[in-house]
Amino acid sequence: MTLAMKGAVLLVAVFLIVKFGLPLITAPLPMSLIWLYLFLTTVGIVVYGTLSAESTEALLGPIFRFLGGEGLNGSAKLARLAVLVLVPLLVGWQTYSELVPSSQPPAENRTIHPAPPGEFVGLANPVPNTPENVMMGKGLFSAFCSPCHGAKFNGNGPASDGFNPPPANFVDPGTIAQLQESYLFWRIKKGGVGLNVEGHPWKSAMPRWEVELPDEWIWKIIMAEYAGSGQKPRTWE
Amino acid sequence: MRGAPSGRALAALLAATVGLLWGAPVLSQETVVVRVKLIQGEVPTDPTAPIWNTIPATEFPMSPQVHWPKRILQVTVKSIRVRGVHNTKHIAFLLEYADPTRDPADAAALEFMVGDKKAHFAHGQPMAQVEGGPVNIWYWRSDTPGAADMNAQGFGTLKKQAQQDVQAKGVWKDEKTKVRFKERKLIPRKDAQGQAVKDPKTGDPLFDEETKVVEQEVTGVWRVVFVRALTTSDPNDAQFQPGTFPNIAFAVWDGKKLESGDLKESGSQKAVTSWWYFNAEPPTNYAIYLYGLIAVVVAAGVEYVIIRKVKKGQPA
């Protein structure tokens, strides 16, 4: 494989990784960032390729010969023509799409579980986990929380439809099973408006329960939430 | 002949890359947008103007207001259809929703953020870690001509502005309309013998949830139009630029009088949504096509220069 080929393969590999590989573990990357990675890779290839006269020839020689068209025939000739036509069209399209006003609203990149304020880290539930306390918690949950979070703790309450983001689904292993009781205590007490800027507090319908419910009730509701949704609080760390 | 095969491979790789970039799927959005269409001429101030039939509607489900006291658990209006038009000077929103009874206290409102600061959808209530801004509320009530142009920044701060910039008009018709909403039922779980199944640990009866989308025919429709200039001279107003995505939220009250003499819905007891978006369609900017074309020409020029250079530099 020539150096030019290796470079091209590397570029495509980097593109595939950042475009399709990374989103498997993180949020999809914006196109501008993908272009930046491709640009940096290109710079790397060029720097590496032009270290010596030989490698410069190995990197640029095939590209220049291809562009010059000398000695090409058959499908290679066609490929050259295609590249020469496509590159300017792609540049034009890219310019156009950068300038055209977007028809999509800003991406909803809200952090669902931002860091809690210091005073809400590591608090233990002071209420003993007895059947009576869990039962009382379930009663409170059904009175105050079920309209949004649902009688089945799944976020599907009769008042959930008009809210974006929707009320949390506690049965989903991505919500309270990821959290410590202390974190829930913060979220329930301070509500949506207690979130930091990453959590987009201005959108959240989660009430600020500290103005209506005593702490003891909140701790009981937390026990009921875990019992009712079949989840366990995260205890390690 | 080293050039030819690697050239072919390069071209193939390039073509593959272009194809991928081209076909890259657009990110799916969970958000919903009111598409405010750009029209020629005056924006309609009448809810029955024929132009509305040509404008696509966006439907938003509504929740009973259970976010802060005084709450309400059941509301009449389960969803609302919204249309919008603008002519670069004025903007008009048409709200359409089923309400079987026409009452003096029937009302509807739009809400927007004022300025650059984020405002909470519930009357711009204060946020613990973010400095919020005020909201601008446009309020219409069926027994009051026009609309009230108001501000709020926190519960209990709702106030009519000194400068009123909004017009509104509502028309109720006893025509049939379809409403769609989710209906949820809890069904007690039974065993084969028809006995209630209980949780083995707690002894609580178990039940299953059934959710289905119901479509109902209702007689009685409100259509309410709100009109305002896209931008005003009032610093307390929300200001709009075509092409942007301002937030918008909705509220509706069924002002039916109950036998007790109380209104079915009033004050904080209403149907609500949280923030969604609207987008006033920007006028076509033909310069963008020109810039694209210039980019094509420049890129082709660069290609030409490179090729000439390569050909000249080649040993004859």
# chains A, B, ... in the order shown; residues from 1 in each chain; ligands from 1
$ closest_atom_pairs --of "chain A" --to "chain B" --cutoff "7 Å" --atoms "only C-alpha atoms" --output "Markdown table"
| residue | atom | partner | partner_atom | distance |
| --- | --- | --- | --- | --- |
| A:Met5 | CA | B:Ser6 | CA | 6.6 |
| A:Ala8 | CA | B:Leu10 | CA | 6.8 |
| A:Val12 | CA | B:Thr17 | CA | 6.8 |
| A:Pro62 | CA | B:Gly3 | CA | 5.1 |
| A:Phe64 | CA | B:Val310 | CA | 6.2 |
| A:Arg65 | CA | B:Gly3 | CA | 6.1 |
| A:Phe66 | CA | B:Gly7 | CA | 5.5 |
| A:Leu67 | CA | B:Ile307 | CA | 6.1 |
| A:Gly68 | CA | B:Ile307 | CA | 5.2 |
| A:Leu72 | CA | B:Ala4 | CA | 5.8 |
| A:Ala76 | CA | B:Arg8 | CA | 5.2 |
| A:Ala79 | CA | B:Ala11 | CA | 5.7 |
| A:Val83 | CA | B:Ala11 | CA | 6.5 |
| A:Pro88 | CA | B:Val296 | CA | 4.6 |
| A:Leu89 | CA | B:Val296 | CA | 5.7 |
| A:Val91 | CA | B:Val296 | CA | 6.2 |
| A:Gly92 | CA | B:Gly292 | CA | 4.5 |
| A:Trp93 | CA | B:Gly292 | CA | 6.4 |
| A:Thr95 | CA | B:Gly292 | CA | 5.4 |
| A:Tyr96 | CA | B:Gly292 | CA | 4.9 |
| A:Leu99 | CA | B:Ile288 | CA | 6.4 |
| A:Val100 | CA | B:Ile288 | CA | 6.7 |
| A:Pro101 | CA | B:Gly243 | CA | 6.2 |
| A:Pro105 | CA | B:Phe245 | CA | 5.9 |
| A:Pro158 | CA | B:Arg184 | CA | 6.9 |
| A:Ala159 | CA | B:Ser63 | CA | 4.8 |
| A:Ser160 | CA | B:Ser63 | CA | 6.3 |
| A:Asp161 | CA | B:Pro61 | CA | 5.7 |
| A:Gly162 | CA | B:Met62 | CA | 4.2 |
| A:Phe163 | CA | B:Ser274 | CA | 5.2 |
| A:Asn164 | CA | B:Ser274 | CA | 6.1 |
| A:Val193 | CA | B:Met127 | CA | 4.5 |
| A:Gly194 | CA | B:Ala128 | CA | 4.9 |
| A:Leu195 | CA | B:Gln129 | CA | 6.7 |
| A:Asn196 | CA | B:Gln129 | CA | 5.2 |
| A:Val197 | CA | B:Val130 | CA | 6.0 |
| A:Pro201 | CA | B:Met127 | CA | 7.0 |
| A:Trp202 | CA | B:His120 | CA | 3.8 |
| A:Lys203 | CA | B:Trp275 | CA | 6.1 |
| A:Ala205 | CA | B:His67 | CA | 5.9 |
| A:Met206 | CA | B:His67 | CA | 6.7 |
| A:Pro207 | CA | B:His67 | CA | 5.3 |
$ select_by_dssp --residues "stretch 147-276 of chain B" --states "strand (DSSP E or B)" --output "PyMOL selection string"
chain B and resi 147-152+159-160+167-188+190+196+198+205+207-229+247-253+257+263+271-272+276
$ residues_around --residues "stretch 40-46 of chain A" --least-positions-apart "3" --cutoff "8 Å" --atoms "only C-alpha atoms" --output "VMD selection string"
chain A and resid 7 11 14 36 to 37 49 to 50 59
$ atom_distance --atom1 "atom CA of B:Ala109" --atom2 "atom CA of B:Ile91"
15.4 Å
$ residues_around --residues "B:Val221" --least-positions-apart "5" --cutoff "9 Å" --atoms "only C-alpha atoms" --output "list in words"
Glu96, Tyr97, Ala98, Asp99, Pro100, Thr101, Arg102, Val171, Trp172, Lys173, Asp174, Glu175, Lys176 and Thr177 of chain B
$ write_last_selection --atoms "N, CA, C and O atoms" --output "PDB file, in the first residue's frame"
ATOM      1  N   GLU B  96     -56.688  26.114  18.087  1.00  0.00           N
ATOM      2  CA  GLU B  96     -57.952  25.449  17.805  1.00  0.00           C
ATOM      3  C   GLU B  96     -58.087  24.280  18.759  1.00  0.00           C
ATOM      4  O   GLU B  96     -57.167  23.467  18.867  1.00  0.00           O
ATOM      5  N   TYR B  97     -59.205  24.234  19.506  1.00  0.00           N
ATOM      6  CA  TYR B  97     -59.379  23.122  20.446  1.00  0.00           C
ATOM      7  C   TYR B  97     -60.848  22.870  20.711  1.00  0.00           C
ATOM      8  O   TYR B  97     -61.687  23.759  20.569  1.00  0.00           O
ATOM      9  N   ALA B  98     -61.123  21.626  21.073  1.00  0.00           N
ATOM     10  CA  ALA B  98     -62.503  21.217  21.325  1.00  0.00           C
ATOM     11  C   ALA B  98     -62.924  21.644  22.720  1.00  0.00           C
ATOM     12  O   ALA B  98     -62.204  21.419  23.692  1.00  0.00           O
ATOM     13  N   ASP B  99     -64.082  22.285  22.818  1.00  0.00           N
ATOM     14  CA  ASP B  99     -64.670  22.648  24.105  1.00  0.00           C
ATOM     15  C   ASP B  99     -66.179  22.631  23.888  1.00  0.00           C
ATOM     16  O   ASP B  99     -66.710  23.479  23.168  1.00  0.00           O
ATOM     17  N   PRO B 100     -66.882  21.651  24.497  1.00  0.00           N
ATOM     18  CA  PRO B 100     -68.301  21.467  24.177  1.00  0.00           C
ATOM     19  C   PRO B 100     -69.185  22.635  24.576  1.00  0.00           C
ATOM     20  O   PRO B 100     -70.282  22.763  24.046  1.00  0.00           O
ATOM     21  N   THR B 101     -68.760  23.456  25.520  1.00  0.00           N
ATOM     22  CA  THR B 101     -69.624  24.566  25.939  1.00  0.00           C
ATOM     23  C   THR B 101     -68.950  25.899  25.714  1.00  0.00           C
ATOM     24  O   THR B 101     -67.745  26.051  25.928  1.00  0.00           O
ATOM     25  N   ARG B 102     -69.760  26.870  25.290  1.00  0.00           N
ATOM     26  CA  ARG B 102     -69.251  28.215  25.093  1.00  0.00           C
ATOM     27  C   ARG B 102     -69.579  29.010  26.346  1.00  0.00           C
ATOM     28  O   ARG B 102     -70.751  29.213  26.683  1.00  0.00           O
ATOM     29  N   VAL B 171     -63.638  32.659  18.045  1.00  0.00           N
ATOM     30  CA  VAL B 171     -64.933  32.292  17.476  1.00  0.00           C
ATOM     31  C   VAL B 171     -65.233  30.858  17.884  1.00  0.00           C
ATOM     32  O   VAL B 171     -64.411  29.969  17.685  1.00  0.00           O
ATOM     33  N   TRP B 172     -66.418  30.664  18.497  1.00  0.00           N
ATOM     34  CA  TRP B 172     -66.833  29.310  18.888  1.00  0.00           C
ATOM     35  C   TRP B 172     -67.869  28.811  17.894  1.00  0.00           C
ATOM     36  O   TRP B 172     -68.756  29.559  17.491  1.00  0.00           O
ATOM     37  N   LYS B 173     -67.724  27.572  17.456  1.00  0.00           N
ATOM     38  CA  LYS B 173     -68.713  27.001  16.532  1.00  0.00           C
ATOM     39  C   LYS B 173     -69.154  25.657  17.068  1.00  0.00           C
ATOM     40  O   LYS B 173     -68.339  24.913  17.621  1.00  0.00           O
ATOM     41  N   ASP B 174     -70.461  25.350  16.865  1.00  0.00           N
ATOM     42  CA  ASP B 174     -70.929  24.060  17.374  1.00  0.00           C
ATOM     43  C   ASP B 174     -70.710  22.983  16.318  1.00  0.00           C
ATOM     44  O   ASP B 174     -71.588  22.178  16.043  1.00  0.00           O
ATOM     45  N   GLU B 175     -69.532  22.986  15.712  1.00  0.00           N
ATOM     46  CA  GLU B 175     -69.247  21.949  14.716  1.00  0.00           C
ATOM     47  C   GLU B 175     -68.516  20.783  15.373  1.00  0.00           C
ATOM     48  O   GLU B 175     -67.967  20.897  16.454  1.00  0.00           O
ATOM     49  N   LYS B 176     -68.517  19.667  14.651  1.00  0.00           N
ATOM     50  CA  LYS B 176     -67.896  18.458  15.186  1.00  0.00           C
ATOM     51  C   LYS B 176     -66.394  18.491  14.948  1.00  0.00           C
ATOM     52  O   LYS B 176     -65.931  18.937  13.898  1.00  0.00           O
ATOM     53  N   THR B 177     -65.666  18.006  15.926  1.00  0.00           N
ATOM     54  CA  THR B 177     -64.220  17.909  15.734  1.00  0.00           C
ATOM     55  C   THR B 177     -63.724  16.649  16.434  1.00  0.00           C
ATOM     56  O   THR B 177     -64.387  16.124  17.339  1.00  0.00           O
TER      57      THR B 177
END
$ closest_residue --among "A:Ala143, A:Ala124, A:Val18, A:Val134" --to "A:Glu181" --atoms "only C-alpha atoms"
A:Ala124
